[in-house]
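A.B. asks: I'd like to ask you about the structure that follows.
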Amino acid sequence: MQANGLLMKYWHITLVVSIFLTVFTNNTFWTNVISRLNGSSDVLFLVSFFIVLIFLTNTLLNLVSFFWILKPALILVLLTSASAAYFMDEFSTMINKEMIKNVFESDYRESQEFLSLALVIKVTLLGIIPAYLIYRIPVIYPRGLWQSLWQRSLILMLSFSTAVVIIFSQYQDFSGFGRTNRDLRHFINPENYLFSLKSLAVEALDTANIVAEPIATDATLKRSLEQRDKPTLVILVVGETARAANFSLNGYEKTTNPELMQETIVSFDNTFSCGTATAISLPCMFSHLTRQQYSEKKGRSFQRLPDVVQQVGINVLWRENNTGCKGNCDRILTHQLADDEHAEFCQGGHCFDEILLDGVDDYLQQNPSDQLIILHQKGNHGPAYYLRYPPDFERFQPACKSNQLSRCSQQEITNAYDNALLYTDYLLAKTIRSLQEKSGNYHTAMIYLSDHGESLGENNLYLHGMPYLLAPDTQKHIPLIVWLSEGYQQSYQTNQNCLLAKKSAALSHDNLFSSILGLFEIQTEFYDPELDLFASCRGVS
C-alpha cells in the first residue's frame, strides 16, 4: 500500500530528508550560530549557511545510500540523528570520534541511566515517525546500473557544487566565522557523527592487528622482598568524573572531604588529565607515553603499567566497578564485581563503590607478598549523580533526582554531584583506615586520582568528553591525593612534609607511570625521575 498515493524519485527523498535534518535536528547548532553572529549581513549569511548545510547533507546522504540500501540507510540516519539531537540539546554534547568511542564502549547499565521520557519523545518525533514515512513511501529508482551511476554522479556534483559556489560567493564571511568557531562543527548533525564514524572505522582498521609489545623488560626491584622487613601494599584508586574544583581539600567552600581532612594526606591541587573521557584517559594514564606522545595506535602497541609491575614479581589485582579497564587489565588478575554476588552494596542494577573493598582482606590473606591493587570506581559518573551514593550521604540538598539535568537547577545538580564526592571521601578514608590496620604486615600507601573532570552547567555545558583543546578546566582539572604510612615513609625514605610543600606543583596523568614504579623502587630505563612525583622527596630529612 502506498502512503497517500505519494511517489518519489530517490533524489527527491534524500533532498527532503536533508532539509528535515538541517531544520529539526540542529537546534543546538543554529542556536550557537545565531548567538555568535553580529552585523547587518547576518540574515543573508544565515540563509546562505542554511542552504549550504542542506546541500552538504544531501551530498553525504547520496554517498551512503543507493539502490536497495536507500531506505535502510535513511531510516538509520534519521534515528541516529534524533538521538544525537537529544544529547546535544540536553547536555550540549559535542559529538566527535572520542564521544562515539565512548558510546560503543558503554555497557547496558550505563546506557540505561540516559533513558528518559524526553529522549523517547524526541526520538519518536524526529526519528521514528519520519523513518516510518520513509518506509511507506514508494521510491522510483533509475533503470539500470549505468543510468543510476550517471544520475547519482550528477546529483553529487550539483549538490556539492551548489554548496561550494555559495561558500565562495561569501568567502570572507564563511572563512572568518569558521576560523573563530571551529568548535561548532561538532554540533552539525548528521555530519558530526558520520565523519566521526569514518575516522573511528579507519582507526579500528589501523589498530586491528596490533599486539601489545612488552616494555621495561629490564625492570628489576632495587630491593627484593628478602632485603626488606615486610612486603609493600599500594592501593591505587582510579576515580571517575571527579573534578578538583569541588574538593574542599582544594579550597571548595562546601565540605566535601570531611573524613580525608582528618587524615595525614597530601592533596595535589594542580593536576590535569590526559583526556576528557574514560576511553582516552584510562589507557593514556597507565601508558608510559605522555599525553603529547599518546595516540590510540601507540597506546595499543605497548603493554602498560600493571604489566611492568607484575613482571618484577609484584601481585597486581584490578577490581572493576565501572564499564571496563580499557585494556589495562587484559593480562592481570581482574575482579569484575557483579551485583548478584554483592547484594549488600548493589541495588537497581548498579553497585556503590564500597563494593571495591569487599573481599580485599580475603585476597590478601591468600597472597601475602608485594601488592598493587587498583580500584576502578563508578565515582561521579553522570548524569544520574544521585545513583552514585547511598541515601545517608545526601547531605547537600536539594539534590537533583533526575537524569534530565535540564529539569534541575544548577545548584541541585551540583548538590547531587557533591554528595557523590562525599561518598568518595568516605571510601578513601575507609581505604586508608584499612591500610593502617595492615601496617603490621605491610608497608602501605594509597594514591587516588580521577580519569577526568565534569561540567555541571557552567556556560551551559554538562557532563564531559569535549575535545581537549576546547574543553574547560572543569573537565580536565582533577584531584590527586596521596597517603603514605609511617612505615612506608621510613622504609622508602620518603618525606611526606616534602610532598606537602609541592602540593601545587604542575602534575598530570603523565606522572602516574613513573610514580608507581618509584613507589615500589622498580628500576628500568622506562622510569623517568622527572615524572616521579616522589623522587625529589626521597632521602630528604
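Residues in the C-alpha cells are named by chain (A, B, ... in the order shown) and by number from 1 within that chain; ligands are numbered from 1 in the order shown.
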Give me the residues within 10 Å of Ala535 in chain A as a compact mmCIF listing (two decimals) with N, CA and C atoms, in the first residue's frame, counting only C-alpha atoms and dropping any in the same chain fewer than 4 places off.
C.D. replies:
```txt
# COMPACT_ATOMS: atom_id res chain seq x y z
N THR A 494 60.91 8.39 52.26
CA THR A 494 60.09 9.36 51.54
C THR A 494 59.45 10.31 52.55
N LEU A 499 56.48 16.38 50.31
CA LEU A 499 55.39 16.28 49.34
C LEU A 499 54.38 17.39 49.55
N SER A 514 55.69 6.62 36.21
CA SER A 514 56.97 6.64 36.93
C SER A 514 56.77 6.73 38.44
N SER A 515 55.68 7.36 38.88
CA SER A 515 55.43 7.48 40.32
C SER A 515 55.14 6.12 40.95
N GLY A 518 58.30 4.24 41.06
CA GLY A 518 59.11 4.77 42.16
C GLY A 518 58.63 4.30 43.51
N LEU A 519 57.32 4.19 43.70
CA LEU A 519 56.78 3.73 44.98
C LEU A 519 57.29 2.33 45.33
N ASP A 528 61.24 7.50 34.66
CA ASP A 528 61.70 8.88 34.49
C ASP A 528 61.58 9.61 35.83
N PRO A 529 62.68 9.88 36.50
CA PRO A 529 62.62 10.55 37.81
C PRO A 529 61.97 11.93 37.74
N GLU A 530 62.04 12.57 36.57
CA GLU A 530 61.41 13.89 36.43
C GLU A 530 59.89 13.79 36.52
N LEU A 531 59.33 12.61 36.19
CA LEU A 531 57.89 12.42 36.24
C LEU A 531 57.43 11.68 37.51
N GLY A 539 64.97 10.57 50.62
CA GLY A 539 66.25 10.89 51.25
C GLY A 539 66.29 12.30 51.81
N VAL A 540 65.11 12.94 51.91
CA VAL A 540 65.04 14.30 52.46
C VAL A 540 64.62 14.21 53.92
```
A.B. asks: Just the residues within 12 Å of Phe396 in chain A, please, counting only C-alpha atoms, with nothing from its chain fewer than 5 positions along; format it as a ChimeraX atom specification.
C.D. replies: /A:254-256,386,391,411-423
A.B. asks: Which residues are close to Leu194 in chain A, i.e. within 10 Å by only C-alpha atoms, leaving aside same-chain residues fewer than 2 positions away? Reply as a list in words.
C.D. replies: Leu60, Leu61, Val64, Val77, Thr80, Ser81, Ile95, Asn96, Lys97, Ile100, Asn189, Pro190, Glu191, Asn192, Ser196, Leu197, Lys198, Ser199 and Leu200 of chain A
A.B. asks: Tell me which protein, DNA and RNA residues are within 12 Å of His464 in chain A, counting only C-alpha atoms, leaving out same-chain ones fewer than 5 positions away, and put them as a PyMOL selection string.
C.D. replies: chain A and resi 87+91-95+98-99+102+240-243+275-281+380-383+451-458+470-477
A.B. asks: Please identify all polymer residues within 6 Å of range 500-506 of chain A, counting only C-alpha atoms, omitting same-chain residues fewer than 4 positions from it, and present them as a list in words.
C.D. replies: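 With the cut-off at 6 Å, the set is Val266, Phe268, Asp269 and Asn270 of chain A.
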A.B. asks: Restricting it to all heavy atoms, dump the selection as a PDB file, in the first residue's frame.
C.D. replies:
```
ATOM      1  N   VAL A 266      48.183  14.217  51.318  1.00  0.00           N
ATOM      2  CA  VAL A 266      48.606  15.350  50.502  1.00  0.00           C
ATOM      3  C   VAL A 266      47.668  15.428  49.305  1.00  0.00           C
ATOM      4  O   VAL A 266      47.504  14.443  48.578  1.00  0.00           O
ATOM      5  CB  VAL A 266      50.060  15.201  50.004  1.00  0.00           C
ATOM      6  CG1 VAL A 266      50.451  16.424  49.168  1.00  0.00           C
ATOM      7  CG2 VAL A 266      51.018  15.024  51.172  1.00  0.00           C
ATOM      8  N   PHE A 268      47.237  17.161  45.899  1.00  0.00           N
ATOM      9  CA  PHE A 268      47.909  17.950  44.864  1.00  0.00           C
ATOM     10  C   PHE A 268      46.843  18.676  44.047  1.00  0.00           C
ATOM     11  O   PHE A 268      46.018  18.040  43.375  1.00  0.00           O
ATOM     12  CB  PHE A 268      48.764  17.039  43.980  1.00  0.00           C
ATOM     13  CG  PHE A 268      49.906  16.396  44.712  1.00  0.00           C
ATOM     14  CD1 PHE A 268      49.753  15.156  45.310  1.00  0.00           C
ATOM     15  CD2 PHE A 268      51.125  17.047  44.825  1.00  0.00           C
ATOM     16  CE1 PHE A 268      50.798  14.565  45.997  1.00  0.00           C
ATOM     17  CE2 PHE A 268      52.189  16.463  45.505  1.00  0.00           C
ATOM     18  CZ  PHE A 268      52.024  15.220  46.101  1.00  0.00           C
ATOM     19  N   ASP A 269      46.855  19.999  44.111  1.00  0.00           N
ATOM     20  CA  ASP A 269      45.721  20.777  43.601  1.00  0.00           C
ATOM     21  C   ASP A 269      45.937  21.365  42.207  1.00  0.00           C
ATOM     22  O   ASP A 269      45.158  22.207  41.758  1.00  0.00           O
ATOM     23  CB  ASP A 269      45.365  21.896  44.586  1.00  0.00           C
ATOM     24  CG  ASP A 269      46.531  22.836  44.878  1.00  0.00           C
ATOM     25  OD1 ASP A 269      47.516  22.832  44.097  1.00  0.00           O
ATOM     26  OD2 ASP A 269      46.473  23.555  45.884  1.00  0.00           O
ATOM     27  N   ASN A 270      46.975  20.917  41.510  1.00  0.00           N
ATOM     28  CA  ASN A 270      47.253  21.453  40.173  1.00  0.00           C
ATOM     29  C   ASN A 270      47.549  20.307  39.209  1.00  0.00           C
ATOM     30  O   ASN A 270      48.560  20.294  38.514  1.00  0.00           O
ATOM     31  CB  ASN A 270      48.437  22.431  40.242  1.00  0.00           C
ATOM     32  CG  ASN A 270      48.621  23.197  38.942  1.00  0.00           C
ATOM     33  OD1 ASN A 270      47.691  23.371  38.157  1.00  0.00           O
ATOM     34  ND2 ASN A 270      49.841  23.653  38.706  1.00  0.00           N
TER      35      ASN A 270
END
```
A.B. asks: Within range 44-253 of chain A, find each residue whose DSSP state, derived from the backbone, is strand (DSSP E or B), and express the selection as a PyMOL selection string.
C.D. replies: chain A and resi 139-140+213+220-221+232-239
A.B. asks: Using only C-alpha atoms, find the one residue out of A:Arg388, A:Phe195, A:Pro142, A:Gly379 that sits nearest to Gly348 in chain A.
C.D. replies: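 Comparing A:Arg388, A:Phe195, A:Pro142, A:Gly379 against Gly348 in chain A, the winner is A:Arg388.
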A.B. asks: Show me, as a list in words, the residues that have an atom within 9 Å of range 260-265 of chain A when counting only C-alpha atoms, minus same-chain residues fewer than 4 positions from it.
C.D. replies: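 Near neighbours after the sequence-gap exclusion: Ser248, Leu249, Asp425, Tyr426, Leu428, Ala429, Ile432, Ile481, Val482, Trp483, Leu484, Gln496 and Leu500 of chain A.
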A.B. asks: Write out as an MDAnalysis selection string the residues lying within 8 Å of Gln303 in chain A, counting only C-alpha atoms and excluding same-chain residues fewer than 4 positions away.
C.D. replies: chainID A and resid 212:215 287 307:308
A.B. asks: Let's have the selection written as a JSON list (two decimals), in the first residue's frame, with N, CA, C and O atoms.
C.D. replies:
```json
[["chain", "number", "residue", "atom", "x", "y", "z"],
["A", 212, "ALA", "N", 50.14, -5.93, 21.73],
["A", 212, "ALA", "CA", 50.89, -5.09, 22.65],
["A", 212, "ALA", "C", 52.27, -5.68, 22.94],
["A", 212, "ALA", "O", 52.39, -6.82, 23.40],
["A", 213, "GLU", "N", 53.31, -4.89, 22.68],
["A", 213, "GLU", "CA", 54.68, -5.32, 22.93],
["A", 213, "GLU", "C", 55.04, -5.14, 24.40],
["A", 213, "GLU", "O", 54.68, -4.14, 25.02],
["A", 214, "PRO", "N", 55.75, -6.09, 24.98],
["A", 214, "PRO", "CA", 56.24, -5.90, 26.35],
["A", 214, "PRO", "C", 57.17, -4.70, 26.42],
["A", 214, "PRO", "O", 57.92, -4.42, 25.48],
["A", 215, "ILE", "N", 57.11, -3.97, 27.51],
["A", 215, "ILE", "CA", 58.03, -2.86, 27.74],
["A", 215, "ILE", "C", 58.75, -3.09, 29.06],
["A", 215, "ILE", "O", 58.34, -3.92, 29.88],
["A", 287, "SER", "N", 49.77, 4.31, 30.48],
["A", 287, "SER", "CA", 50.80, 4.14, 29.47],
["A", 287, "SER", "C", 52.08, 4.84, 29.90],
["A", 287, "SER", "O", 52.06, 5.78, 30.68],
["A", 307, "ASP", "N", 51.35, -4.34, 33.74],
["A", 307, "ASP", "CA", 52.20, -5.42, 33.21],
["A", 307, "ASP", "C", 53.64, -5.30, 33.73],
["A", 307, "ASP", "O", 54.27, -6.30, 34.09],
["A", 308, "VAL", "N", 54.16, -4.06, 33.75],
["A", 308, "VAL", "CA", 55.52, -3.84, 34.21],
["A", 308, "VAL", "C", 55.65, -4.20, 35.68],
["A", 308, "VAL", "O", 56.61, -4.86, 36.10]]
```
A.B. asks: DSSP on the backbone, helix (DSSP H, G or I) only: what residues of range 297-519 of chain A does that give? Format it as JSON, numbers by chain.
C.D. replies: {"A": [297, 298, 299, 300, 301, 305, 306, 307, 308, 309, 310, 311, 339, 340, 341, 353, 354, 355, 356, 360, 361, 362, 363, 364, 365, 366, 385, 386, 387, 388, 391, 392, 393, 405, 406, 407, 410, 411, 412, 413, 414, 415, 416, 417, 418, 419, 420, 421, 422, 423, 424, 425, 426, 427, 428, 429, 430, 431, 432, 433, 434, 435, 436, 437, 458, 459, 460, 473, 474, 475, 486, 487, 488, 489, 490, 491, 496, 497, 498, 499, 500, 501, 509, 510, 511, 512, 513, 514, 515, 516, 517, 518, 519]}
A.B. asks: Which one is closest to Leu405 in chain A: A:Asn460, A:Thr207, A:Thr22, A:Asn32? Count only C-alpha atoms.
C.D. replies: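 Checking each candidate against Leu405 in chain A, we get A:Asn460 as the closest.
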A.B. asks: With only C-alpha atoms as the basis for distance, which of A:Gln377, A:Gln489, A:Gln523, A:Gln365 is at the shortest distance from Cys325 in chain A?
C.D. replies: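 Using only C-alpha atoms, the shortest distance to Cys325 in chain A belongs to A:Gln377.
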A.B. asks: So which one's closest to Asn58 in chain A, A:Leu427, A:Val17, A:Leu317, A:Leu480? Using only C-alpha atoms, please.
C.D. replies: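 Among the listed residues, A:Val17 lies closest to Asn58 in chain A.
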A.B. asks: Return the single residue from A:Ala84, A:Val16, A:Leu449, A:Ile166 that is closest to Phe50 in chain A, with distances computed using only C-alpha atoms.
C.D. replies: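 Between A:Ala84, A:Val16, A:Leu449, A:Ile166, the residue approaching Phe50 in chain A most closely is A:Ile166.
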A.B. asks: Give the answer as one residue: which of A:Tyr442, A:Phe534, A:Phe49, A:Phe104 has the shortest atom-to-atom distance to Gly178 in chain A, using only C-alpha atoms?
C.D. replies: A:Phe49
